[in-house]
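Trainee: Questions regarding the structure given below will be posed in turn.
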Amino acid sequence: MDFRLTEEQEMIQQMAADFAANEIIPFCMEWDKADEVPMGTIARMQELGLMTIGVPLEYGGDGLDNVSKCLVCEEISKGDAGLGTTIAASTLLASDPVIVGANDEQKKWWYGRQLEGAVCAFCLTEPGAGSDALGLATRCVKDGNDYILNGTKQFITNGGIARQFTVFATLDKKLGHQGICCFMVDRDTPGVIIGKKEDKLGIRSSSTTQIIFEDARVPSSMMIGAEGKGLPILMETLDLSRTAIAALATGIATGCVEAALNYANERHQFGQPIATFQAIQFKMADMAVRAEASRLLYLKAAYLQDIGGPFKTISSMAKLYAGDSAMTNAIEAVQIFGGYGYTKEYPVEKYLRDAKIMQIFEGTAEVQRMVIGKYLSKNGYSPFITD
């Protein structure tokens, strides 16, 4: 069993880490305070290929493997989880339905625009449909060679800056899963409206808005897959996305370790660095273990995706554990910083606010436990495949 990264993986990881150190960390506190999406930084990420890490080689991208994609997500999230979320939501989550179910012409349209700089967004959640994806109410009605979309999508990452969307709608709620359809939608389509901007607790450098469809006419050629066959595309998309969210959460968990360790070595009490106190050392040890275990879980899930192995349950494990670890590490980091950790002068207060969403979006921690528990009750437990 070889845990070493390839030379290419190490290069992409280092590039992302350098970018975070030089162009994100010095400014992310300002973005957070201003509730600002740093479009200039996003443009720079586009130039470096960070915004297109999910584009396949045959459509003009770098054709990165899943391990490399997740390494980028971790490093950028360690700098700022809002920008990490922007990347993951655009080039991975929103684009996964295209990978899963689109035809060649659709892929050329989608990835061509993405390579030109189009940010993407994934439109599933609604005011009345979160964890219950089958509860979506956005309607798609066939009208000649088009479909007319009506409905409201809620909490859409990149909603205010996206130029194209993958949208899930239903022919009729009474049809259940047999009514779900998936579409690629151009932002400039008449009837596509950017709704309320959310004033969020954390990841404030990412755009989160409502997306409203009012008689938006979408050509049938923009439907991904067949009519009423959107559920398998949706489920596979969510399975794929969990690994990237685990990587984002690991970035936060790791950032907390590094920040707390640096502070503990600099902060003196009773004539010595607080890092020499066993109480602090125990906290640091547990934080480091959580960060390392989170990384191993997401790397295993990403590796299994790359080799075509059974990754769905391990991906849920990675998302669950890494999300919980990010939150716990952030709480512990604030505790190590003491009163200073409760102020906006130091990064751990921001890590704490950013961490919470990792237990919520792309399937809550409770949903992940349901997924894992369902698998175990059906199949029992055995170590998951590694090669």
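Identifiers in this document derive from the order of the structure tokens: chains are assigned A, B, ..., residues are numbered from 1 separately in each chain, and ligands are numbered from 1 in order of occurrence.
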List every residue of stretch 205-326 of chain A that DSSP, applied to the backbone of this structure, assigns to strand (DSSP E or B), and report them as a list in words.

Mentor: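 Taking stretch 205-326 of chain A and keeping strand (DSSP E or B) gives Thr208, Thr209, Gln210, Ile211, Ile212, Phe213, Glu214, Asp215, Ala216, Arg217, Val218, Pro219, Met223, Ile224, His268, Gln269, Gln272 and Pro273 of chain A.
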
Trainee: Using only C-alpha atoms, determine which residues lie at most 7 Å from stretch 90-96 of chain A, disregarding the query and same-chain residues fewer than 6 positions distant; provide the list as a PyMOL selection string.

Mentor: chain A and resi 51-54+119-122+165-166+237+241

Trainee: Write to file, as a compact mmCIF listing (two decimals), in the first residue's frame, the residues of the selection just made, with N, CA and C atoms.

Mentor:
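Printed below is part11.txt as written:
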```txt
# COMPACT_ATOMS: atom_id res chain seq x y z
N MET A 51 -10.17 27.04 -11.21
CA MET A 51 -11.61 27.05 -11.37
C MET A 51 -12.10 26.01 -12.37
N THR A 52 -11.17 25.31 -13.01
CA THR A 52 -11.55 24.32 -14.04
C THR A 52 -10.92 22.96 -13.77
N ILE A 53 -10.68 22.66 -12.50
CA ILE A 53 -10.03 21.38 -12.18
C ILE A 53 -10.88 20.17 -12.53
N GLY A 54 -12.20 20.39 -12.73
CA GLY A 54 -13.08 19.27 -13.06
C GLY A 54 -13.28 19.05 -14.55
N VAL A 119 -18.55 30.84 -14.31
CA VAL A 119 -18.76 30.17 -13.03
C VAL A 119 -20.09 29.42 -13.11
N CYS A 120 -20.18 28.29 -12.45
CA CYS A 120 -21.38 27.43 -12.54
C CYS A 120 -22.02 27.27 -11.17
N ALA A 121 -23.31 26.90 -11.17
CA ALA A 121 -24.04 26.67 -9.93
C ALA A 121 -24.97 25.47 -10.08
N PHE A 122 -25.20 24.80 -8.97
CA PHE A 122 -26.02 23.59 -8.89
C PHE A 122 -27.32 23.96 -8.19
N PHE A 165 -26.23 27.04 -15.06
CA PHE A 165 -26.74 26.27 -13.93
C PHE A 165 -27.09 24.85 -14.37
N THR A 166 -26.90 23.89 -13.47
CA THR A 166 -27.58 22.60 -13.62
C THR A 166 -28.77 22.65 -12.67
N THR A 237 -24.47 12.38 -8.63
CA THR A 237 -23.83 13.67 -8.41
C THR A 237 -23.54 13.90 -6.94
N SER A 241 -19.93 14.35 -4.99
CA SER A 241 -19.59 15.64 -4.38
C SER A 241 -19.15 15.52 -2.93
```

Trainee: For each of A:Cys123, A:Ala260, A:Gln335, A:Asp354, take the minimum atom-to-atom distance to A:Leu83, counting only C-alpha atoms, then give the residue where this is smallest.

Mentor: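 For A:Leu83, the nearest of the candidates is A:Asp354.
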
Trainee: When distances are computed from only C-alpha atoms, which of A:Asn265, A:Thr328, A:Ser315, A:Asn158 shows the smallest separation from A:Glu236?

Mentor: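 Using only C-alpha atoms, A:Glu236 sits closest to A:Ser315.
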
Trainee: Need to verify the contact set: A:Asp306, 12 Å, only C-alpha atoms, exclusion of same-chain residues closer than 5 positions in sequence. Can you return it as a list in words?

Mentor: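 The neighbour list is Gly63, Leu64, Asp65, Asn66, Val67, Ser68, Lys69, Cys70, Leu240, Thr243, Leu299, Lys300, Ala301, Phe311, Thr386 and Asp387 of chain A.
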
Trainee: Would you save the residues from that selection as a CSV table (one decimal), in the first residue's frame, using C-alpha atoms?

Mentor:
```csv
chain,number,residue,atom,x,y,z
A,63,GLY,CA,-8.0,15.9,-16.9
A,64,LEU,CA,-7.0,15.8,-13.2
A,65,ASP,CA,-7.8,12.7,-11.2
A,66,ASN,CA,-10.1,12.9,-8.2
A,67,VAL,CA,-7.2,12.9,-5.7
A,68,SER,CA,-5.7,16.0,-7.3
A,69,LYS,CA,-9.1,17.8,-7.3
A,70,CYS,CA,-9.6,17.1,-3.6
A,240,LEU,CA,-19.4,12.3,-6.1
A,243,THR,CA,-15.6,13.6,-1.2
A,299,LEU,CA,-8.1,10.4,-0.1
A,300,LYS,CA,-9.3,6.9,0.1
A,301,ALA,CA,-12.7,7.9,-1.2
A,311,PHE,CA,-16.7,4.7,-3.0
A,386,THR,CA,-8.3,-0.2,-1.2
A,387,ASP,CA,-7.0,-1.6,-4.5
```

Trainee: Using only C-alpha atoms, which residues sit within 9 Å of stretch 40-49 of chain A once same-chain residues fewer than 4 positions away are excluded, as a ChimeraX atom specification?

Mentor: /A:15,19,23-24,53,61-62,83,86-87,115-117

Trainee: Which neighbours of A:Arg139 fall inside 6 Å, counting only C-alpha atoms, when residues of the same chain fewer than 5 positions from it are skipped, and could you give them as a count of residues only?

Mentor: 5

Trainee: Please indicate the distance in Å from atom CA of A:Ala102 to atom CA of A:Gln178, rounded to one decimal place.

Mentor: 18.5 Å

Trainee: Which residues are near A:Gln281? Cut-off 12 Å, only C-alpha atoms, ignore same chain within fewer than 4 positions. Put them as number ranges by chain.

Mentor: A: 257, 260-261, 264-265, 273-277, 285-288, 332-333, 336

Trainee: If you run DSSP on the backbone here, which positions in stretch 123-301 of chain A get alpha helix (DSSP H)? Please write them as a PyMOL selection string.

Mentor: chain A and resi 230-266+278-301

Trainee: Which one of A:Ile156, A:Ile203, A:Met317, A:Ala302 sits closest to A:Tyr351 if you count only C-alpha atoms?

Mentor: A:Ile203

Trainee: Quick one: residues within 8 Å of A:Gly176, only C-alpha atoms counted, chain neighbours fewer than 4 positions away excluded, as a list in words?

Mentor: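 Residues near the query, excluding close chain neighbours: Leu134, Asp172 and Ile180 of chain A.
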
Trainee: Report the distance between atom CA of A:Glu58 and atom CA of A:Gly112 in Å, rounded to one decimal place.

Mentor: 11.2 Å
